[in-house]
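Below: one structure, written as structure tokens.
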Amino acid sequence: GKPVSHWDNLVNIVRDNPGRALALQVQRDGRQLSLTVTPDTAKEGDKKVGRIGAAYHMSQKELDRLLVTVKYDPFSALVKGAGKTWETSAFSLRMLGNMVIGEVSWKSLSGPVTIASYAGQSADAGWKTFLGFLAVVSISLGILNLLPIPVLDGGHLLYYMVEFIKGSPVSEKAMEVGHRIGFALLGILMACALFNDITRLITG
């Protein structure tokens with residue numbers, strides 16, 4: 001019942017009406033359509049807000065106006081890159097920890113299908129975006145590989161640490177048990193990732 005002159009106006013109306021049916025009139029393909037939309041209720045801190053799963057589609061020209069290119073000399077770029085790598089590593093570890101304690105859903109886990117899909121999308125966005133995506137994947141895989149799980153490099157480092165502390169190599173029996181546990185954990189992780197991939201493909 002009110003004209004919407006800017007997409008922000010609609011966002012505010014949706015946010016302010018969680019779970020309440022909204023009567024909308026939209027123009028599509030030259031025709032006026034009457035729609036009734038009921039925003040889902042989502043928690044944002046202590047506040048409940050409405051969401052309908054729609055977003056404003058920005059043209060490339062609009063995006064270009066919002067983007068700023070910043071260039072650094074080689075030394076500054078190296079420092080910035082190291083800082084970004086550390087930040088991404090800490091974020092990956094924090095997310096993994098939150099998954100273990102249940103604060104983040106395991107549905108956030110992605111497998112090869114989702115990675116391939118994002119790789120294609122980032123490649124379409126340009127070589128800079130694609131390189132950035134490759135960097136994030138490489139860092140995430142590096143962090144995963146350094147976890148203290150037997151069969152991973154982090155597991156070998158764990159064995160070396162135990163050997164250093166006790167002054168003798170880890171027994172073959174302990175290594176065998178550790179490898180079985182490691183393979184089981186990796187199997188569960190891969191199964192979850194593939195299940196999420198298939199679910200995303202089915203649900204779109």
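Note on naming: chains are A, B, ... as they come in the structure tokens, residues start from 1 per chain, ligands start from 1 in the order shown.
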>> Quick one: residues within 9 Å of stretch 165-179 of chain A, only C-alpha atoms, excluding same-chain residues fewer than 3 positions away - as a VMD selection string?
In response: chain A and resid 149 to 151 155 159 to 162 182 to 184
> Contacts of A:Leu22 at 10 Å or less, counting only C-alpha atoms, minus same-chain residues fewer than 6 places along, as a VMD selection string?
Replying inline: chain A and resid 1 13 to 14 35 to 39
> Quick one: distance from atom CA of A:Ala21 to atom CA of A:Asp46 in Å, one decimal?
Replying inline: 22.4 Å
> Which residue gives the smallest distance to A:Arg94 among A:Lys80, A:Ser140, A:Ala119, A:Val11, with only C-alpha atoms counted?
Replying inline: A:Ser140
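Residues lying within 10 Å of A:Asn17, counting only C-alpha atoms and ignoring same-chain neighbours fewer than 5 positions away, are A:Asn12, A:Leu22, A:Thr38, A:Pro39, A:Asp40, A:Thr41, A:Lys48, A:Val49, A:Gly50, A:Arg51.
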> What's the 12 Å shell around A:Asn145, counting only C-alpha atoms, without same-chain residues fewer than 2 positions away, as a PyMOL selection string?
Replying inline: chain A and resi 89+93+138-143+147-157+182+186
Write out the residues from the selection above, keeping N, CA, C and O atoms, as a compact mmCIF listing (two decimals), in the first residue's frame.
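Here's the written file part-v3.txt:
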# COMPACT_ATOMS: atom_id res chain seq x y z
N SER A 89 43.27 -18.11 8.40
CA SER A 89 43.59 -19.34 9.15
C SER A 89 42.86 -19.36 10.49
O SER A 89 42.26 -20.37 10.87
N LEU A 93 39.92 -22.07 11.74
CA LEU A 93 40.02 -22.83 12.98
C LEU A 93 38.84 -22.53 13.91
O LEU A 93 38.29 -23.43 14.55
N SER A 138 43.25 -22.93 -0.54
CA SER A 138 44.58 -23.44 -0.17
C SER A 138 44.84 -23.30 1.33
O SER A 138 45.35 -24.22 1.97
N ILE A 139 44.48 -22.14 1.87
CA ILE A 139 44.68 -21.91 3.31
C ILE A 139 43.81 -22.87 4.13
O ILE A 139 44.28 -23.48 5.10
N SER A 140 42.56 -23.05 3.71
CA SER A 140 41.65 -23.93 4.44
C SER A 140 42.16 -25.38 4.42
O SER A 140 42.13 -26.07 5.44
N LEU A 141 42.64 -25.82 3.25
CA LEU A 141 43.19 -27.19 3.15
C LEU A 141 44.46 -27.33 3.98
O LEU A 141 44.70 -28.37 4.60
N GLY A 142 45.27 -26.26 4.00
CA GLY A 142 46.50 -26.28 4.80
C GLY A 142 46.19 -26.40 6.28
O GLY A 142 46.83 -27.18 7.00
N ILE A 143 45.19 -25.65 6.74
CA ILE A 143 44.78 -25.71 8.15
C ILE A 143 44.26 -27.10 8.48
O ILE A 143 44.59 -27.69 9.51
N LEU A 147 45.80 -30.26 11.30
CA LEU A 147 45.08 -30.68 12.50
C LEU A 147 45.72 -31.95 13.07
O LEU A 147 46.20 -32.80 12.31
N PRO A 148 45.74 -32.09 14.40
CA PRO A 148 46.40 -33.26 15.01
C PRO A 148 45.60 -34.56 14.85
O PRO A 148 45.20 -35.19 15.83
N ILE A 149 45.32 -34.91 13.58
CA ILE A 149 44.59 -36.14 13.28
C ILE A 149 45.55 -37.11 12.61
O ILE A 149 46.20 -36.74 11.62
N PRO A 150 45.69 -38.33 13.12
CA PRO A 150 46.56 -39.32 12.46
C PRO A 150 46.18 -39.46 10.98
O PRO A 150 45.03 -39.27 10.62
N VAL A 151 47.18 -39.76 10.15
CA VAL A 151 47.14 -39.86 8.67
C VAL A 151 47.30 -38.48 8.01
O VAL A 151 47.59 -38.42 6.82
N LEU A 152 47.10 -37.39 8.75
CA LEU A 152 47.38 -36.05 8.22
C LEU A 152 48.77 -35.62 8.68
O LEU A 152 49.35 -36.21 9.60
N ASP A 153 49.32 -34.59 8.06
CA ASP A 153 50.64 -34.09 8.47
C ASP A 153 50.64 -33.65 9.93
O ASP A 153 51.63 -33.82 10.65
N GLY A 154 49.51 -33.07 10.37
CA GLY A 154 49.40 -32.67 11.77
C GLY A 154 49.49 -33.86 12.71
O GLY A 154 50.04 -33.76 13.81
N GLY A 155 48.98 -35.01 12.27
CA GLY A 155 49.08 -36.23 13.06
C GLY A 155 50.51 -36.70 13.19
O GLY A 155 50.94 -37.15 14.27
N HIS A 156 51.28 -36.61 12.09
CA HIS A 156 52.69 -36.98 12.15
C HIS A 156 53.46 -36.06 13.10
O HIS A 156 54.32 -36.52 13.86
N LEU A 157 53.13 -34.76 13.06
CA LEU A 157 53.77 -33.82 13.99
C LEU A 157 53.42 -34.18 15.44
O LEU A 157 54.25 -34.06 16.34
N GLY A 182 41.96 -41.84 12.62
CA GLY A 182 42.13 -40.76 11.65
C GLY A 182 41.32 -40.98 10.39
O GLY A 182 40.63 -40.07 9.90
N LEU A 186 38.21 -38.67 9.04
CA LEU A 186 38.22 -38.10 7.68
C LEU A 186 37.04 -38.61 6.87
O LEU A 186 36.45 -37.88 6.07
Contact residues around A:Thr88 with only C-alpha atoms at 8 Å, ignoring same-chain residues under 3 positions, as a PDB file with N, CA and C atoms, in the first residue's frame:
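Final file, result_21.pdb:
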ATOM      1  N   LYS A  84      46.499 -11.252   6.071  1.00  0.00           N
ATOM      2  CA  LYS A  84      45.252 -11.842   5.571  1.00  0.00           C
ATOM      3  C   LYS A  84      45.274 -13.360   5.706  1.00  0.00           C
ATOM      4  N   THR A  85      46.446 -13.969   5.468  1.00  0.00           N
ATOM      5  CA  THR A  85      46.586 -15.423   5.621  1.00  0.00           C
ATOM      6  C   THR A  85      46.338 -15.833   7.068  1.00  0.00           C
ATOM      7  N   PHE A  91      40.171 -17.737  11.287  1.00  0.00           N
ATOM      8  CA  PHE A  91      38.728 -17.862  11.032  1.00  0.00           C
ATOM      9  C   PHE A  91      38.354 -19.318  10.753  1.00  0.00           C
ATOM     10  N   SER A  92      39.173 -20.017   9.939  1.00  0.00           N
ATOM     11  CA  SER A  92      38.903 -21.432   9.617  1.00  0.00           C
ATOM     12  C   SER A  92      38.924 -22.287  10.881  1.00  0.00           C
ATOM     13  N   VAL A 136      41.986 -18.828  -0.593  1.00  0.00           N
ATOM     14  CA  VAL A 136      41.158 -19.225   0.563  1.00  0.00           C
ATOM     15  C   VAL A 136      41.078 -20.744   0.666  1.00  0.00           C
ATOM     16  N   ILE A 139      44.478 -22.145   1.871  1.00  0.00           N
ATOM     17  CA  ILE A 139      44.676 -21.910   3.310  1.00  0.00           C
ATOM     18  C   ILE A 139      43.813 -22.874   4.129  1.00  0.00           C
ATOM     19  N   SER A 140      42.561 -23.046   3.710  1.00  0.00           N
ATOM     20  CA  SER A 140      41.649 -23.935   4.440  1.00  0.00           C
ATOM     21  C   SER A 140      42.158 -25.378   4.419  1.00  0.00           C
TER      22      SER A 140
END
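Near A:Leu109, within a cut-off of 7 Å and counting only C-alpha atoms, sit the residues Trp106, Ala193 and Asn196 of chain A, with same-chain residues fewer than 3 positions away left out.
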>> When DSSP is applied to the backbone of this structure, which of stretch 11-190 of chain A are assigned helix (DSSP H, G or I)? Write them out as JSON, numbers by chain.
In response: {"A": [11, 12, 13, 14, 15, 60, 61, 62, 63, 64, 65, 66, 74, 75, 76, 77, 78, 79, 80, 81, 82, 83, 84, 85, 86, 87, 88, 89, 90, 91, 92, 93, 94, 95, 96, 97, 98, 99, 100, 101, 106, 107, 108, 112, 113, 114, 115, 116, 117, 118, 119, 120, 121, 122, 123, 124, 127, 128, 129, 130, 131, 132, 133, 134, 135, 136, 137, 138, 139, 140, 141, 142, 143, 144, 145, 153, 154, 155, 156, 157, 158, 159, 160, 161, 162, 163, 164, 165, 166, 172, 173, 174, 175, 176, 177, 178, 179, 180, 181, 182, 183, 184, 185, 186, 187, 188, 189, 190]}
> as a ChimeraX atom specification, which residues of stretch 44-180 of chain A does DSSP assign to strand (DSSP E)?
Replying inline: /A:44,47-51
>> Let me make sure I understand: among A:Phe75, A:Arg31, A:Asp16, A:Gly120, which one has the smallest atom-to-atom distance to A:Ile52 if we use only C-alpha atoms?
In response: A:Asp16
